[in-house]
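Asker: Let me begin by handing over the structure; questions about it come next.
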Amino acid sequence: MKKRRLVMRTIILLILGAAVAYSLYANLTKDTKQKVAVGEKAPDFVLTDMDGNKHRLSDYRGQGVFLNFWGTWCPPCKKEMPYINNQYQQYKDKGVQVLSVDIQESELQVRQFAEHYKLDFPIMIDTDKEVMTAYGINPLPATFLIDKNGEVVKYHTGEMTEKMVREFMEKIKP
Amino acid sequence: MNDVKCECGHVNPHGTVLCEACGKVLDETDNRKELLDMRYEGSARRSQTYNKTIIDKIWNFFSSVKVGVWLIIITLIASILGTILPQEMYINLPPDVYYEQEYGWFGKLYYQLGFHDLYGSWWYLLLIAMIGISLVICSLDRVVPLYKALKAQRVTRHEGFLKRQRVFGANSEAEQTDLETVKKHLQAKRYHVREENGDILAEKNRFSRWGPYVNHIGLIIFLFGGMLRFIPGFYVNEDLWVREGETALVPETNEQYYIKNNQFILEHYDKNNKTFEKALNRAGEVVKNYQSNVVLYQREGEKIPGEKPKLKKLEEYKIRVNQPLSFNGYSVFQSSFKTEFKAMTFALTNKSTNQAFGEVKVDLTNPQEKYDLGNGYSVELLNYFPDFEFDDNGEPSTKSRVPNNPAFIFRMNTPDKPKGETSFVAIRQTIEPFGNNTYKLAFKGIETKNVSGFIVRKDSSLWVFIIGGIIFMIGVIQGAYWNHRRIWVQRKNGQVWIAAHTNKNWYGLKRELEAILAGTKLTMPDDQLQRDKEVKEVV
């Protein structure tokens with residue numbers, strides 16, 4: 001009788017405790033929730049670059065993909081773009097592809113920006129912010145490192161130094 | 001720690017004050033008082049002695065009504081604190097700047113204490129959760145023993161129990177017919193009458209005792225509904241801005257639904273209308289209607305981000321305030337609007353003669369690079385800054401991608417200046433970086449377009465709140481509009497003793513008793529509580 005009471009109380013407290021724990025957890029993580037987590041498959045997308053070539057992420061299976069989101073108006077983006085370009089030259093023959101996605105800007109601005117900084121890697125414009133939404137990006141610049149299996153290895157937001165860019169590319173070299 | 005056996009033979013759980021079966025006072029310390037404390041039938045609620053394990057300790061903590069009341073008071077105070085300054089979601093500056101700037105040291109403290117997001121803070125949530133736990137355990141710890149005690153009660157009660165009821169009286173003269181009459185009256189009043197050895201127990205509306213517990217179940221369902229909102233997809237409340245002419249994905253719909261904004265309409269009340277003239281003179285401009293004419297589309301087939309979706313038109317709708325577009329559990333409300341610059345027009349003009357050589361219209365979201373004006377005149381857009389400012393190095397740059405303050409660097413190619421002239425043009429500002437130009441781009445006009453602001457809402461937890469609310473009200477009604485009444489008519493020491501108990505409305509009980517005893521020799525029992533008061537007043 002007393003034993004049963006203890007078991008009942010334990011069960012009830014456990015159920016209540018679980019409900020409270022879940023609510024607290026959900027409340028604490030709701031703002032920091034990252035749509036694409038490290039270790040998960042990177043969501044596929046297809047965008048057209050400034051030369052009219054289509055790039056589909058899944059076509060780069062077998063290579064590492066350095067996926068960079070940026071805007072011409074964002075000062076850190078301006079700083080890191082030349083670094084990315086330098087390292088792109090070093091790593092493009094070693095199986096690392098750079099895909100750079102501008103968020104919803106005009107072709108004119110993006111082209112002029114690319115010409116100004118002499119960028120060689122493919123640049124695409126996410127006109128409807130669909131790729132940005134799929135990856136759940138808020139502050140720019142944001143960089144995803146995707147390995148040869150299409151899995152996200154690292155997510156970085158904020159400015160990168162040239163050294164970081166090199167380390168990142170080294171990380172996803174197949 | 002052992003169960004207590006009453007002299008009537010009934011075995012009561014440890015901690016019982018009044019025997020469940022006969023009502024004899026078991027706890028001797030209770031014997032001195034005049035009247036019995038009938039709360040929870042004197043049953044063994046919250047047995048302090050089961051305090052051995054940590055589980056029992058937690059249980060007993062939450063089982064205390066005192067603890068529950070304190071939890072409610074603390075939550076109330078916290079809720080009040082949250083209303084002193086506006087919460088984070090209602091301000092339009094970063095909170096670390098806003099509070100200090102607007103409210104000085106108090107605002108800073110308020111922000112540092114985390115009160116800017118009080119209702120979303122973990123400790124506020126924890127307080128609500130603890131009230132919920134307290135509610136469950138308090139209820140369980142009382143309803144179960146109460147139910148058992150009411151179920152175990154026998155017709156024949158102990159003398160001490162009867163004597164110490166609030167309404168009690170003894171009659172030496174009573175005839176068998178009187179008891180028959182009383183029984184008939186009781187039944188006529190819809191009492192459930194039980195008899196044992198000539199003793200009578202009449203009872204009605206026992207179910208009203210469960211009212212508070214039904215009410216608590218409703219509250220718990222309510223809290224559960226609040227919890228459901230944390231589950232992804234259960235509750236959606238998102239902003240959506242759509243420019244006129246654009247099609248946008250509706251957020252949180254699994255990329256299924258798209259909305260095209262055909263037109264935004266803003267209407268004011270007519271000033272010339274005689275009906276509203278007086279009011280409008282006092283109040284100024286009054287908006288009559290905010291409306292967005294939209295088309296709802298559903299995506300067909302699979303699609304990966306970046307691909308153009310194949311869309312199927314579902315319906316056209318005029319979204320007005322309080323007339324949302326509803327589909328598949330989602331509602332899209334008209335909530336706001338803004339105006340954006342769409343295009344700017346300039347005329348290529350000779351500064352000295354003021355002769356114009358054609359116009360240039362620059363689309364601000366997707367500008368063209370070259371504008372050919374014919375006859376050897378053309379304009380090139382060298383640089384475009386949608387949200388112009390000078391950066392730290394003093395160079396022109398843009399703050400964002402939104403055309404809030406557009407600026408341009410143009411090259412004007414004319415037959416007499418084959419190398420071209422460069423001109424920097426911003427709103428109310430023209431700079432000629434390479435000396436005096438012969439030509440200028442004179443500002444001609446600006447086109448704007450409206451952007452509708454919508455709120456996309458979905459609430460699958462609503463039905464839980466409705467059910468919780470209904471059960472809550474059932475509990476309130478059940479407990480408030482019926483009273484649990486019991487009347488004992490029993491033979492003790494050759495007399496007929498009458499005692500009565502109710503959980504509320506003693507006046508109603510006594511009136512009912514008078515009607516029941518009418519036409520018999522039995523006298524109306526006393527209200528011992530009232531008599532005591534009267535005695536005290538006389539003394």
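Ordering of the structure tokens sets the chain letters (A, B, ...), residue numbers begin anew at 1 in every chain, and ligands are numbered from 1 in the order given.
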Apply DSSP to the backbone of this structure and, from region 2-104 of chain A, keep only the residues in strand (DSSP E or B); write these as a ChimeraX atom specification.
Answerer: /A:41,46-49,54-56,64-70,96-103
Asker: Kindly assemble as a Markdown table a list of the chain B residues that lie within 8 Å of chain A, each paired with its nearest atom pair and their distance in Å to one decimal, using only C-alpha atoms, sorted first by chain and then by ascending residue number.
Answerer:
| residue | atom | partner | partner_atom | distance |
| --- | --- | --- | --- | --- |
| B:Ile55 | CA | A:Thr10 | CA | 6.3 |
| B:Asp56 | CA | A:Leu6 | CA | 7.5 |
| B:Trp59 | CA | A:Arg9 | CA | 7.3 |
| B:Gly120 | CA | A:Asn27 | CA | 7.4 |
| B:Trp122 | CA | A:Leu24 | CA | 6.3 |
| B:Leu125 | CA | A:Leu24 | CA | 7.1 |
| B:Leu126 | CA | A:Val20 | CA | 7.4 |
| B:Ala129 | CA | A:Val20 | CA | 6.1 |
| B:Ile133 | CA | A:Leu16 | CA | 6.6 |
| B:Met227 | CA | A:Ser23 | CA | 6.1 |
| B:Phe230 | CA | A:Ala26 | CA | 5.9 |
| B:Ile231 | CA | A:Ala26 | CA | 7.7 |
| B:Ala248 | CA | A:Asp128 | CA | 7.6 |
| B:Ile304 | CA | A:Phe45 | CA | 5.3 |
| B:Pro305 | CA | A:Phe45 | CA | 4.7 |
| B:Gly306 | CA | A:Val46 | CA | 5.1 |
| B:Glu307 | CA | A:Val46 | CA | 6.0 |
| B:Thr365 | CA | A:Ser106 | CA | 6.2 |
| B:Asn366 | CA | A:Ser106 | CA | 4.8 |
| B:Pro367 | CA | A:Leu108 | CA | 6.5 |
| B:Gln368 | CA | A:Leu108 | CA | 7.0 |
| B:Glu369 | CA | A:Leu108 | CA | 6.6 |
| B:Asn383 | CA | A:Gln109 | CA | 7.3 |
| B:Tyr384 | CA | A:Gln109 | CA | 6.6 |
| B:Ser397 | CA | A:Trp73 | CA | 7.0 |
| B:Thr398 | CA | A:Trp73 | CA | 5.2 |
| B:Lys399 | CA | A:Trp73 | CA | 5.8 |
| B:Ser400 | CA | A:Trp73 | CA | 5.5 |
| B:Arg401 | CA | A:Glu105 | CA | 6.4 |
Asker: With only C-alpha atoms as the atoms that count, which of B:Glu41, B:Glu102, B:Asp117, B:Glu380 lies nearest to Ala149 (chain B)?
Answerer: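 The closest residue to Ala149 (chain B) is B:Glu41.
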